[in-house]
$ cat target_38.txt   # compact mmCIF, C-alpha atoms and all ligand atoms
# COMPACT_ATOMS: atom_id res chain seq x y z
CA MET A 135 56.40 -68.94 4.51
CA THR A 136 59.10 -69.12 1.84
CA ARG A 137 60.00 -66.11 -0.27
CA SER A 138 58.60 -67.91 -3.33
CA GLU A 139 55.30 -68.39 -1.48
CA GLU A 140 55.23 -64.73 -0.49
CA LEU A 141 55.95 -63.62 -4.03
CA PHE A 142 53.34 -65.98 -5.44
CA GLU A 143 50.72 -64.62 -3.08
CA GLU A 144 51.56 -61.10 -4.21
CA ALA A 145 51.73 -62.11 -7.87
CA GLN A 146 48.21 -63.56 -7.80
CA LYS A 147 46.80 -60.16 -6.90
CA TYR A 148 48.08 -58.59 -10.10
CA ILE A 149 48.75 -61.32 -12.67
CA PRO A 150 46.16 -63.94 -13.73
CA GLY A 151 47.09 -67.04 -11.75
CA GLY A 152 50.23 -65.24 -10.63
CA VAL A 153 52.09 -66.18 -13.81
CA ASN A 154 52.70 -64.98 -17.32
CA SER A 155 52.37 -68.46 -18.82
CA PRO A 156 50.04 -71.08 -17.33
CA VAL A 157 52.34 -74.10 -16.92
CA ARG A 158 54.59 -72.01 -14.66
CA ALA A 159 51.87 -71.85 -12.02
CA PHE A 160 52.81 -75.45 -11.05
CA ARG A 161 49.08 -76.20 -10.75
CA SER A 162 49.32 -79.58 -12.37
CA ILE A 163 51.74 -80.70 -9.67
CA GLY A 164 49.82 -78.92 -6.93
CA THR A 165 52.59 -76.81 -5.46
CA THR A 166 53.89 -73.24 -5.39
CA PRO A 167 56.08 -72.08 -8.25
CA ARG A 168 59.66 -71.37 -7.37
CA PHE A 169 60.61 -67.79 -8.21
CA ILE A 170 63.99 -67.87 -9.90
CA ARG A 171 66.58 -65.33 -8.92
CA SER A 172 69.46 -66.37 -11.17
CA GLY A 173 70.89 -69.07 -13.38
CA SER A 174 74.39 -70.17 -14.19
CA GLY A 175 75.35 -73.12 -16.39
CA SER A 176 72.99 -75.98 -15.63
CA HIS A 177 71.83 -74.55 -12.30
CA MET A 178 69.19 -72.09 -11.15
CA VAL A 179 68.81 -70.51 -7.73
CA ASP A 180 65.42 -69.48 -6.40
CA GLU A 181 64.50 -66.51 -4.23
CA ASP A 182 64.98 -68.65 -1.11
CA GLY A 183 68.55 -69.38 -2.15
CA ILE A 184 67.77 -73.00 -3.06
CA ASP A 185 69.87 -74.41 -5.86
CA TYR A 186 68.38 -76.66 -8.57
CA VAL A 187 69.79 -78.62 -11.47
CA ASP A 188 67.68 -77.16 -14.26
CA PHE A 189 66.16 -79.63 -16.74
CA ILE A 190 64.05 -77.06 -18.58
CA GLY A 191 66.64 -74.58 -19.80
CA SER A 192 63.92 -71.97 -20.44
CA TRP A 193 62.04 -74.69 -22.38
CA GLY A 194 64.89 -75.25 -24.77
CA PRO A 195 66.93 -72.22 -25.72
CA MET A 196 69.65 -72.56 -23.09
CA ILE A 197 71.41 -75.34 -24.98
CA LEU A 198 74.74 -73.92 -23.75
CA GLY A 199 73.49 -73.30 -20.22
CA HIS A 200 72.59 -70.10 -18.39
CA ASP A 201 74.75 -66.99 -18.52
CA TYR A 202 77.10 -68.32 -21.19
CA GLU A 203 79.97 -65.87 -21.39
CA ASN A 204 80.10 -65.18 -25.15
CA ILE A 205 76.34 -64.72 -25.31
CA ARG A 206 76.32 -62.41 -22.31
CA ASP A 207 79.12 -60.36 -23.89
CA SER A 208 77.32 -60.06 -27.21
CA VAL A 209 74.15 -58.94 -25.44
CA MET A 210 76.00 -56.38 -23.32
CA ASN A 211 77.72 -54.98 -26.41
CA ALA A 212 74.44 -54.73 -28.26
CA VAL A 213 72.72 -53.10 -25.28
CA GLY A 214 75.39 -50.43 -25.30
CA ARG A 215 74.47 -49.50 -28.86
CA GLY A 216 70.71 -49.13 -28.30
CA LEU A 217 67.82 -51.44 -27.46
CA SER A 218 65.50 -51.09 -30.43
CA PHE A 219 65.29 -48.94 -33.54
CA GLY A 220 62.35 -50.27 -35.52
CA ALA A 221 64.75 -50.03 -38.43
CA THR A 222 66.98 -52.54 -40.18
CA THR A 223 70.35 -53.49 -38.72
CA GLU A 224 73.32 -55.45 -40.05
CA ILE A 225 72.97 -58.24 -37.51
CA GLU A 226 69.58 -59.19 -39.02
CA VAL A 227 71.25 -59.87 -42.35
CA LYS A 228 73.98 -61.94 -40.72
CA MET A 229 71.40 -63.88 -38.75
CA ALA A 230 69.21 -64.61 -41.77
CA LYS A 231 72.23 -65.73 -43.80
CA LEU A 232 73.41 -67.97 -40.97
CA ILE A 233 70.03 -69.68 -40.66
CA CYS A 234 69.85 -70.21 -44.44
CA GLU A 235 73.35 -71.72 -44.38
CA MET A 236 72.65 -73.99 -41.42
CA VAL A 237 69.25 -75.24 -42.61
CA PRO A 238 69.38 -76.00 -46.35
CA SER A 239 65.57 -76.07 -46.83
CA ILE A 240 65.49 -72.39 -45.90
CA GLU A 241 66.26 -69.93 -48.69
CA MET A 242 64.63 -66.91 -47.08
CA VAL A 243 63.68 -66.27 -43.49
CA ARG A 244 61.66 -63.65 -41.62
CA MET A 245 62.28 -62.85 -37.94
CA VAL A 246 59.41 -62.48 -35.49
CA ASN A 247 59.18 -62.41 -31.70
CA SER A 248 58.00 -65.85 -30.63
CA GLY A 249 57.20 -69.33 -31.82
CA THR A 250 53.49 -68.50 -31.72
CA GLU A 251 54.05 -65.60 -34.09
CA ALA A 252 56.29 -67.68 -36.35
CA VAL A 253 53.65 -70.39 -36.79
CA MET A 254 50.81 -67.92 -37.26
CA SER A 255 52.79 -66.17 -39.98
CA ALA A 256 53.99 -69.36 -41.70
CA ILE A 257 50.40 -70.53 -41.99
CA ARG A 258 49.35 -67.20 -43.44
CA ALA A 259 52.18 -67.48 -45.99
CA ALA A 260 51.14 -71.05 -46.83
CA ARG A 261 47.56 -69.94 -47.37
CA GLY A 262 48.65 -66.96 -49.44
CA PHE A 263 50.93 -69.12 -51.57
CA THR A 264 48.48 -71.94 -52.22
CA GLY A 265 45.28 -69.89 -52.29
CA ARG A 266 43.71 -72.50 -50.00
CA ASP A 267 42.31 -72.06 -46.49
CA LYS A 268 42.37 -75.35 -44.62
CA ILE A 269 45.27 -76.64 -42.58
CA VAL A 270 45.96 -79.99 -40.93
CA LYS A 271 47.44 -80.18 -37.45
CA PHE A 272 48.00 -83.17 -35.21
CA ASN A 273 46.26 -83.90 -31.94
CA GLY A 274 48.70 -83.20 -29.12
CA CYS A 275 51.02 -81.01 -31.17
CA TYR A 276 51.34 -77.49 -29.83
CA HIS A 277 52.03 -74.61 -32.16
CA GLY A 278 51.55 -71.65 -29.86
CA HIS A 279 48.40 -69.94 -28.74
CA SER A 280 47.02 -68.34 -31.90
CA ASP A 281 43.29 -68.88 -32.38
CA GLY A 282 43.36 -71.30 -35.28
CA LEU A 283 45.81 -73.65 -33.60
CA LEU A 284 44.22 -74.10 -30.19
CA VAL A 285 42.51 -77.28 -31.28
CA LYS A 286 43.48 -80.46 -29.44
CA ALA A 287 46.69 -78.63 -28.60
CA GLY A 288 49.47 -80.04 -26.46
CA SER A 289 51.58 -78.43 -23.72
CA GLY A 290 49.73 -76.63 -20.91
CA VAL A 291 46.41 -77.06 -22.73
CA MET A 292 46.62 -80.79 -22.04
CA THR A 293 46.95 -80.34 -18.29
CA ALA A 294 44.57 -77.39 -18.03
CA GLY A 295 41.69 -79.82 -18.60
CA VAL A 296 40.38 -77.82 -21.56
CA PRO A 297 40.85 -79.57 -24.90
CA ASP A 298 40.24 -76.28 -26.72
CA SER A 299 40.41 -72.74 -25.37
CA SER A 300 37.36 -70.62 -24.79
CA GLY A 301 37.46 -67.19 -26.39
CA VAL A 302 38.24 -68.71 -29.76
CA PRO A 303 35.33 -68.14 -32.15
CA ALA A 304 34.26 -71.29 -34.00
CA GLY A 305 34.95 -69.49 -37.25
CA CYS A 306 38.64 -69.27 -36.36
CA THR A 307 39.07 -73.01 -36.11
CA SER A 308 36.67 -74.18 -38.81
CA ASP A 309 39.54 -74.46 -41.26
CA THR A 310 41.72 -76.41 -38.82
CA LEU A 311 41.50 -80.14 -39.46
CA THR A 312 43.05 -82.56 -36.99
CA ALA A 313 44.76 -85.87 -37.57
CA ASP A 314 46.49 -88.35 -35.30
CA TYR A 315 50.24 -88.22 -34.86
CA ASN A 316 51.99 -91.20 -36.49
CA ASP A 317 48.80 -92.06 -38.38
CA LEU A 318 49.15 -91.39 -42.10
CA ASP A 319 45.72 -92.89 -42.83
CA SER A 320 44.10 -90.14 -40.77
CA VAL A 321 45.91 -87.54 -42.89
CA GLU A 322 44.99 -89.21 -46.16
CA ALA A 323 41.36 -89.30 -45.09
CA LEU A 324 41.40 -85.52 -44.56
CA PHE A 325 42.88 -84.93 -48.00
CA ARG A 326 40.25 -87.23 -49.54
CA GLY A 327 37.48 -85.37 -47.70
CA ASN A 328 38.76 -81.90 -48.59
CA PRO A 329 40.13 -82.15 -52.13
CA GLY A 330 42.08 -79.12 -53.32
CA GLN A 331 41.36 -77.24 -50.10
CA ILE A 332 44.28 -77.99 -47.77
CA ALA A 333 47.00 -75.34 -47.79
CA ALA A 334 49.40 -77.03 -45.40
CA VAL A 335 50.10 -79.79 -42.94
CA ILE A 336 51.89 -78.51 -39.85
CA VAL A 337 53.68 -80.93 -37.55
CA GLU A 338 56.23 -81.03 -34.79
CA PRO A 339 58.69 -83.46 -36.42
CA VAL A 340 59.29 -84.78 -32.92
CA GLY A 341 56.21 -84.27 -30.77
CA ALA A 342 57.57 -82.32 -27.81
CA ASN A 343 54.43 -80.86 -26.28
CA MET A 344 52.57 -84.08 -25.42
CA GLY A 345 55.65 -85.19 -23.61
CA VAL A 346 58.19 -86.42 -26.14
CA VAL A 347 56.70 -88.56 -28.92
CA LEU A 348 58.95 -89.83 -31.67
CA PRO A 349 57.83 -90.03 -35.29
CA GLN A 350 57.64 -93.59 -36.54
CA PRO A 351 59.99 -94.21 -39.50
CA GLU A 352 57.34 -93.87 -42.20
CA PHE A 353 55.52 -90.89 -40.68
CA LEU A 354 57.52 -87.82 -41.80
CA PRO A 355 58.43 -89.21 -45.27
CA GLY A 356 54.75 -90.16 -45.63
CA LEU A 357 53.63 -86.62 -44.81
CA ARG A 358 56.11 -85.27 -47.35
CA LYS A 359 54.67 -87.55 -50.02
CA ILE A 360 51.04 -86.77 -49.22
CA CYS A 361 51.69 -83.02 -49.27
CA THR A 362 53.59 -83.15 -52.55
CA GLU A 363 50.93 -85.29 -54.22
CA ASN A 364 48.18 -82.91 -53.10
CA GLY A 365 49.87 -79.56 -53.75
CA ALA A 366 49.89 -78.73 -50.04
CA LEU A 367 52.85 -77.36 -48.12
CA LEU A 368 54.57 -79.27 -45.34
CA ILE A 369 55.45 -77.06 -42.36
CA PHE A 370 57.83 -78.35 -39.71
CA ASP A 371 57.40 -76.62 -36.38
CA GLU A 372 60.97 -76.82 -35.11
CA VAL A 373 60.48 -74.47 -32.17
CA ILE A 374 61.77 -77.26 -29.92
CA THR A 375 63.84 -79.43 -32.27
CA GLY A 376 65.49 -76.71 -34.38
CA PHE A 377 69.23 -76.30 -33.72
CA ARG A 378 68.80 -78.79 -30.87
CA LEU A 379 68.82 -82.29 -32.33
CA GLN A 380 71.57 -81.18 -34.68
CA ALA A 381 72.56 -78.02 -36.58
CA ASP A 382 69.88 -78.55 -39.21
CA GLY A 383 67.28 -79.73 -36.72
CA ALA A 384 64.86 -82.63 -37.01
CA GLN A 385 64.60 -82.17 -40.78
CA GLY A 386 68.30 -82.94 -41.08
CA TYR A 387 68.09 -85.74 -38.56
CA TYR A 388 65.24 -87.49 -40.36
CA GLY A 389 66.24 -86.44 -43.88
CA VAL A 390 62.81 -85.01 -44.72
CA THR A 391 62.60 -81.57 -46.33
CA PRO A 392 59.68 -79.34 -45.37
CA ASP A 393 58.50 -76.40 -47.47
CA LEU A 394 58.41 -74.05 -44.49
CA THR A 395 59.97 -74.23 -41.03
CA THR A 396 59.22 -72.33 -37.85
CA PHE A 397 61.71 -71.62 -35.10
CA GLY A 398 61.35 -70.12 -31.64
CA LYS A 399 63.27 -69.31 -28.54
CA ILE A 400 66.47 -71.22 -29.30
CA ILE A 401 67.41 -68.78 -32.05
CA GLY A 402 67.36 -65.99 -29.46
CA ALA A 403 69.48 -67.89 -26.92
CA GLY A 404 66.85 -66.98 -24.34
CA MET A 405 65.78 -63.62 -25.75
CA PRO A 406 62.25 -63.41 -27.21
CA VAL A 407 62.63 -64.44 -30.86
CA GLY A 408 60.97 -66.58 -33.48
CA ALA A 409 61.40 -67.02 -37.21
CA TYR A 410 59.79 -68.68 -40.19
CA GLY A 411 61.42 -69.49 -43.46
CA GLY A 412 61.53 -71.84 -46.40
CA ARG A 413 61.60 -72.00 -50.15
CA ARG A 414 62.22 -68.66 -51.83
CA GLU A 415 59.14 -68.84 -54.06
CA ILE A 416 56.95 -69.30 -50.98
CA MET A 417 58.62 -66.66 -48.83
CA GLN A 418 58.31 -64.17 -51.68
CA VAL A 419 54.57 -63.94 -50.96
CA VAL A 420 55.42 -62.07 -47.72
CA ALA A 421 55.10 -58.25 -47.72
CA PRO A 422 56.66 -56.05 -48.98
CA LEU A 423 57.46 -58.48 -51.82
CA GLY A 424 54.05 -60.10 -51.86
CA SER A 425 50.52 -59.75 -50.59
CA VAL A 426 50.77 -61.67 -47.30
CA TYR A 427 51.03 -59.04 -44.59
CA GLN A 428 53.10 -59.59 -41.46
CA ALA A 429 55.01 -56.99 -39.50
CA GLY A 430 56.44 -56.06 -36.09
CA THR A 431 58.43 -53.25 -34.50
CA LEU A 432 60.48 -55.61 -32.35
CA SER A 433 61.03 -58.19 -35.10
CA GLY A 434 64.75 -58.65 -35.64
CA ASN A 435 65.49 -56.73 -32.46
CA PRO A 436 69.25 -56.11 -32.38
CA VAL A 437 69.82 -57.32 -28.81
CA ALA A 438 67.96 -60.57 -29.45
CA MET A 439 69.66 -61.03 -32.82
CA ASN A 440 73.10 -60.62 -31.29
CA ALA A 441 72.34 -63.17 -28.60
CA GLY A 442 70.98 -65.69 -31.08
CA TYR A 443 73.67 -65.12 -33.67
CA THR A 444 76.37 -65.80 -31.10
CA GLN A 445 74.71 -69.00 -29.94
CA LEU A 446 74.00 -70.35 -33.43
CA THR A 447 77.49 -69.47 -34.67
CA LEU A 448 79.00 -71.37 -31.76
CA MET A 449 76.82 -74.37 -32.50
CA ARG A 450 77.66 -74.25 -36.22
CA ASP A 451 81.37 -74.01 -35.51
CA HIS A 452 81.36 -76.91 -33.05
CA PRO A 453 79.55 -79.83 -34.65
CA GLU A 454 81.32 -82.03 -32.11
CA TRP A 455 79.22 -80.37 -29.40
CA TYR A 456 76.07 -81.91 -30.81
CA VAL A 457 77.73 -85.32 -30.86
CA ALA A 458 78.86 -84.92 -27.26
CA LEU A 459 75.49 -83.58 -26.10
CA ASN A 460 73.50 -86.33 -27.77
CA GLN A 461 75.83 -89.05 -26.45
CA LYS A 462 75.70 -87.64 -22.93
CA ALA A 463 71.91 -87.44 -23.08
CA ASP A 464 71.54 -90.97 -24.51
CA CYS A 465 73.61 -92.41 -21.65
CA PHE A 466 71.59 -90.43 -19.14
CA PHE A 467 68.19 -91.47 -20.46
CA GLU A 468 69.31 -95.09 -20.73
CA ALA A 469 70.45 -94.91 -17.09
CA ILE A 470 66.93 -93.80 -16.13
CA ARG A 471 65.55 -96.71 -18.12
CA SER A 472 67.86 -99.10 -16.24
CA LEU A 473 66.57 -97.73 -12.95
CA LEU A 474 62.98 -98.33 -14.05
CA ASP A 475 63.89 -101.90 -14.97
CA LYS A 476 65.78 -102.42 -11.73
CA TYR A 477 62.80 -101.39 -9.62
CA GLY A 478 60.22 -103.03 -11.86
CA TYR A 479 58.35 -99.94 -13.04
CA PRO A 480 56.61 -100.32 -16.39
CA TRP A 481 56.79 -96.59 -17.16
CA GLN A 482 57.66 -95.38 -20.61
CA LEU A 483 60.71 -93.31 -21.35
CA ASN A 484 60.75 -91.61 -24.77
CA HIS A 485 63.89 -89.80 -25.78
CA ILE A 486 65.83 -88.50 -28.71
CA GLY A 487 69.06 -86.52 -28.49
CA SER A 488 68.85 -84.10 -25.60
CA LEU A 489 65.04 -84.32 -25.29
CA GLY A 490 63.25 -86.85 -23.17
CA CYS A 491 60.10 -87.57 -21.21
CA LEU A 492 59.08 -90.11 -18.61
CA PHE A 493 55.44 -91.17 -18.92
CA PHE A 494 53.73 -92.87 -16.01
CA THR A 495 51.97 -95.47 -18.09
CA ASP A 496 52.69 -99.03 -19.16
CA GLN A 497 51.56 -98.36 -22.74
CA PRO A 498 53.99 -97.29 -25.45
CA VAL A 499 53.42 -93.58 -26.09
CA THR A 500 53.12 -92.88 -29.80
CA ASP A 501 50.41 -90.22 -30.02
CA TYR A 502 48.04 -87.95 -28.09
CA ALA A 503 45.71 -90.75 -26.95
CA SER A 504 48.51 -92.92 -25.58
CA ALA A 505 50.22 -89.88 -23.97
CA LYS A 506 46.97 -89.18 -22.16
CA THR A 507 47.12 -92.61 -20.49
CA SER A 508 49.95 -91.32 -18.30
CA ASP A 509 49.00 -91.09 -14.64
CA THR A 510 49.43 -87.34 -14.06
CA LYS A 511 49.05 -87.77 -10.31
CA ALA A 512 51.99 -90.15 -10.25
CA PHE A 513 53.92 -87.65 -12.36
CA ALA A 514 53.06 -84.86 -9.91
CA ASP A 515 54.28 -86.93 -6.98
CA TYR A 516 57.57 -87.69 -8.75
CA CYS A 517 58.05 -84.12 -9.92
CA ASN A 518 57.47 -82.74 -6.41
CA PHE A 519 59.90 -85.21 -4.91
CA MET A 520 62.56 -84.24 -7.44
CA LEU A 521 61.89 -80.52 -6.94
CA ASN A 522 62.27 -80.91 -3.21
CA HIS A 523 65.59 -82.62 -3.84
CA GLY A 524 67.09 -79.96 -6.08
CA VAL A 525 65.97 -81.26 -9.49
CA TYR A 526 63.88 -78.77 -11.46
CA LEU A 527 61.75 -80.59 -14.03
CA ALA A 528 59.00 -79.19 -16.22
CA PRO A 529 56.09 -78.95 -13.76
CA ALA A 530 53.65 -80.69 -16.11
CA GLN A 531 53.58 -84.18 -17.57
CA PHE A 532 53.23 -83.23 -21.22
CA GLU A 533 56.45 -81.27 -21.57
CA ALA A 534 59.95 -82.26 -22.54
CA MET A 535 63.03 -82.54 -20.39
CA PHE A 536 66.01 -80.68 -21.83
CA ILE A 537 69.68 -81.57 -21.37
CA SER A 538 72.23 -78.86 -22.15
CA MET A 539 75.93 -78.74 -22.86
CA ALA A 540 76.33 -77.34 -19.35
CA HIS A 541 75.02 -80.44 -17.54
CA SER A 542 77.95 -82.12 -15.86
CA GLU A 543 78.26 -85.77 -14.95
CA GLU A 544 77.68 -84.67 -11.38
CA ASP A 545 74.41 -82.94 -12.34
CA LEU A 546 73.11 -85.97 -14.19
CA ASN A 547 74.20 -88.31 -11.44
CA TRP A 548 72.34 -86.17 -8.94
CA TYR A 549 69.16 -86.68 -10.94
CA LEU A 550 69.79 -90.43 -11.11
CA GLU A 551 70.49 -90.69 -7.39
CA MET A 552 67.34 -88.79 -6.52
CA ALA A 553 65.27 -90.81 -9.00
CA GLU A 554 66.63 -94.01 -7.48
CA GLU A 555 65.74 -92.77 -4.02
CA TYR A 556 62.20 -92.17 -5.28
CA PHE A 557 61.85 -95.49 -7.08
CA ARG A 558 63.18 -97.36 -4.05
CA ARG A 559 60.54 -95.98 -1.68
N1 LIG B 601 54.21 -73.76 -23.34
C1 LIG B 601 55.56 -73.79 -22.90
C2 LIG B 601 56.14 -75.12 -22.94
N2 LIG B 601 55.88 -75.90 -24.06
C3 LIG B 601 55.71 -73.22 -21.50
C4 LIG B 601 56.12 -71.83 -21.59
C5 LIG B 601 56.47 -71.17 -20.28
O1 LIG B 601 55.73 -71.28 -19.32
O2 LIG B 601 57.48 -70.51 -20.25
$ encode --input "target_38.txt" --output "structure tokens"
Amino acid sequence: MTRSEELFEEAQKYIPGGVNSPVRAFRSIGTTPRFIRSGSGSHMVDEDGIDYVDFIGSWGPMILGHDYENIRDSVMNAVGRGLSFGATTEIEVKMAKLICEMVPSIEMVRMVNSGTEAVMSAIRAARGFTGRDKIVKFNGCYHGHSDGLLVKAGSGVMTAGVPDSSGVPAGCTSDTLTADYNDLDSVEALFRGNPGQIAAVIVEPVGANMGVVLPQPEFLPGLRKICTENGALLIFDEVITGFRLQADGAQGYYGVTPDLTTFGKIIGAGMPVGAYGGRREIMQVVAPLGSVYQAGTLSGNPVAMNAGYTQLTLMRDHPEWYVALNQKADCFFEAIRSLLDKYGYPWQLNHIGSLGCLFFTDQPVTDYASAKTSDTKAFADYCNFMLNHGVYLAPAQFEAMFISMAHSEEDLNWYLEMAEEYFRR
């Protein structure tokens, strides 16, 4: 028995499914999760001493790789001054200012502890600002696990075989309307059917929780137009894309300005953080300025703020890093595509910048329905093979693959060699 197997057996006695987040149980690929002992750069080592090239990077935040020296130093310094005060600190001001400077659509920002909390709070602010209750989300987009958003959600919900979670009272989702990603007609129909009632449309500007699904050219500008015409707010959930595609995220990349934006883990460099922000007049509805209540003892935690501030400052000060990262990732994903062509596989590879996903289907993947055509058994087989050959991929089909600054040519070539070995079989 491996140490990971032993630990997993023990974990299942005390933690539901042995994990603190479902996808980590590796159930959708039918194997035992690897317990990670440490990470450095683009590599992780498990409790059996096995080394992996890591293509998750803690689901996004480790854009500079694990144990990055400046970030570690800033955390250690902050730790030495106290872990939490439940009181304001200077680093929160610096962090808020930095985010506002890096993302022009954001004039005010509020820190929270996770992407889930950020989205939940942004929606409350949107409802408070507009005085409307209904929201539109897209099938296959994942916005965390708050009640109102677990409707046709992506990520682990898609592989758990439950389209919507139990334990969510119908009343909590009755104001959640769903549309199809990349389908503006489906959004217009909802606005026609619910005149004057929709507070906001929330979207992942790049779908990154039904695998990676790119917005078609007219989609995001179309959403902007529909929202503006109908007095609804446009919320970009940039938990995955924020500070990753480029310094100003997907909104900068696509040139579409949302009213509110949510961020998650990347702004904590791996510490538990989230944030929501946007136009000043909207953010002014949040307490103590306005009547929308939202609070948290650990919000703006100084250790997390120091980690995130260091990472975001580095990214701001090195725009060339984004260029290098995106170029490296493009070459890598195109090399995978060449392998598929070489061995005659019709599988779909969607990618943008340092995010990508291989779907085991011959249909172009443009939305939830087409993502679901992927053969998850074939994915599981591939994922297991790669795992057993030192390549740690997200252990579920409908997740993204993340490339970091730390991935070396050698790391990426290792993936390609192992993939070729698999395709050749
Ligand atoms: N839902 C997360 C990915 N989109 C997985 C979180 C985790 O297991 O850490």
$ closest_residue --input "target_38.txt" --among "A:Arg215, A:Arg258, A:Arg137, A:Arg158" --to "A:Ala530" --atoms "all atoms listed in the file"
A:Arg158
$ closest_residue --input "target_38.txt" --among "A:Gly411, A:Gly305, A:Gly216, A:Gly345" --to "A:Ser255" --atoms "all atoms listed in the file"
A:Gly411
$ residues_around --input "target_38.txt" --residues "A:Lys231" --least-positions-apart "4" --cutoff "9 Å" --atoms "only C-alpha atoms" --output "list in words"
Glu226, Val227, Glu235, Met236, Glu241, Met242 and Val243 of chain A
$ residues_near_point --input "target_38.txt" --point "(53.9, -82.2, -53.3)" --cutoff "12 Å" --atoms "only C-alpha atoms" --output "list in words"
Thr264, Ile332, Ala333, Ala334, Val335, Pro355, Gly356, Leu357, Arg358, Lys359, Ile360, Cys361, Thr362, Glu363, Asn364, Gly365, Ala366, Leu367, Leu368, Thr391, Pro392 and Asp393 of chain A
$ residues_around --input "target_38.txt" --residues "A:Val302" --least-positions-apart "4" --cutoff "12 Å" --atoms "only C-alpha atoms" --output "PyMOL selection string"
chain A and resi 279-285+298+306-308
$ atom_distance --input "target_38.txt" --atom1 "atom CA of A:Ala512" --atom2 "atom CA of A:Phe494"
6.6 Å
$ residues_around --input "target_38.txt" --residues "stretch 545-550 of chain A" --least-positions-apart "6" --cutoff "9 Å" --atoms "all atoms listed in the file" --output "MDAnalysis selection string"
chainID A and resid 176:177 187 466 469:470 473 520 523:525
$ closest_residue --input "target_38.txt" --among "A:Ile416, A:Ser174, A:Arg378, A:Glu554" --to "A:Asp475" --atoms "all atoms listed in the file"
A:Glu554
$ residues_near_ligand --input "target_38.txt" --ligand "ligand LIG 601 (chain B)" --cutoff "12 Å" --atoms "all atoms listed in the file" --output "VMD selection string"
chain A and resid 152 to 161 167 190 to 195 248 to 250 274 to 279 287 to 294 338 341 to 346 373 to 375 398 to 399 404 406 527 to 536
$ residues_around --input "target_38.txt" --residues "A:Arg244" --least-positions-apart "2" --cutoff "9 Å" --atoms "only C-alpha atoms" --output "PDB file with C-alpha atoms, in the frame of the given file"
ATOM      1  CA  ALA A 230      69.210 -64.610 -41.770  1.00  0.00           C
ATOM      2  CA  MET A 242      64.630 -66.910 -47.080  1.00  0.00           C
ATOM      3  CA  VAL A 246      59.410 -62.480 -35.490  1.00  0.00           C
ATOM      4  CA  ALA A 252      56.290 -67.680 -36.350  1.00  0.00           C
ATOM      5  CA  GLY A 408      60.970 -66.580 -33.480  1.00  0.00           C
ATOM      6  CA  ALA A 409      61.400 -67.020 -37.210  1.00  0.00           C
ATOM      7  CA  TYR A 410      59.790 -68.680 -40.190  1.00  0.00           C
ATOM      8  CA  GLY A 411      61.420 -69.490 -43.460  1.00  0.00           C
ATOM      9  CA  MET A 417      58.620 -66.660 -48.830  1.00  0.00           C
ATOM     10  CA  VAL A 420      55.420 -62.070 -47.720  1.00  0.00           C
ATOM     11  CA  SER A 433      61.030 -58.190 -35.100  1.00  0.00           C
ATOM     12  CA  GLY A 434      64.750 -58.650 -35.640  1.00  0.00           C
TER      13      GLY A 434
END
$ closest_residue --input "target_38.txt" --among "A:Thr223, A:Ser538, A:Ser504, A:Gln331" --to "A:Asp314" --atoms "all atoms listed in the file"
A:Ser504
$ closest_residue --input "target_38.txt" --among "A:Thr431, A:Thr165, A:Lys286, A:Arg171" --to "A:Lys506" --atoms "all atoms listed in the file"
A:Lys286
$ decode --input "target_38.txt" --residues "stretch 269-278 of chain A" --atoms "N, CA and C atoms" --output "PDB file, in the first residue's frame"
ATOM      1  N   ILE A 269     -31.093  36.900 -11.602  1.00  0.00           N
ATOM      2  CA  ILE A 269     -29.774  36.939 -12.240  1.00  0.00           C
ATOM      3  C   ILE A 269     -29.739  35.903 -13.367  1.00  0.00           C
ATOM      4  N   VAL A 270     -28.867  36.137 -14.312  1.00  0.00           N
ATOM      5  CA  VAL A 270     -28.669  35.170 -15.406  1.00  0.00           C
ATOM      6  C   VAL A 270     -27.279  34.581 -15.253  1.00  0.00           C
ATOM      7  N   LYS A 271     -27.198  33.255 -15.260  1.00  0.00           N
ATOM      8  CA  LYS A 271     -25.908  32.576 -15.326  1.00  0.00           C
ATOM      9  C   LYS A 271     -25.925  31.635 -16.523  1.00  0.00           C
ATOM     10  N   PHE A 272     -24.749  31.147 -16.881  1.00  0.00           N
ATOM     11  CA  PHE A 272     -24.658  30.282 -18.055  1.00  0.00           C
ATOM     12  C   PHE A 272     -24.446  28.828 -17.662  1.00  0.00           C
ATOM     13  N   ASN A 273     -25.124  27.951 -18.373  1.00  0.00           N
ATOM     14  CA  ASN A 273     -24.953  26.516 -18.152  1.00  0.00           C
ATOM     15  C   ASN A 273     -23.477  26.159 -18.313  1.00  0.00           C
ATOM     16  N   GLY A 274     -22.944  25.471 -17.317  1.00  0.00           N
ATOM     17  CA  GLY A 274     -21.542  25.037 -17.396  1.00  0.00           C
ATOM     18  C   GLY A 274     -20.569  26.026 -16.776  1.00  0.00           C
ATOM     19  N   CYS A 275     -21.029  27.249 -16.490  1.00  0.00           N
ATOM     20  CA  CYS A 275     -20.135  28.174 -15.777  1.00  0.00           C
ATOM     21  C   CYS A 275     -20.245  27.861 -14.288  1.00  0.00           C
ATOM     22  N   TYR A 276     -19.126  27.951 -13.607  1.00  0.00           N
ATOM     23  CA  TYR A 276     -19.093  27.661 -12.176  1.00  0.00           C
ATOM     24  C   TYR A 276     -18.709  28.938 -11.448  1.00  0.00           C
ATOM     25  N   HIS A 277     -19.524  29.282 -10.470  1.00  0.00           N
ATOM     26  CA  HIS A 277     -19.251  30.514  -9.721  1.00  0.00           C
ATOM     27  C   HIS A 277     -19.180  30.231  -8.229  1.00  0.00           C
ATOM     28  N   GLY A 278     -18.665  29.067  -7.871  1.00  0.00           N
ATOM     29  CA  GLY A 278     -18.577  28.727  -6.455  1.00  0.00           C
ATOM     30  C   GLY A 278     -19.824  27.989  -6.016  1.00  0.00           C
TER      31      GLY A 278
END
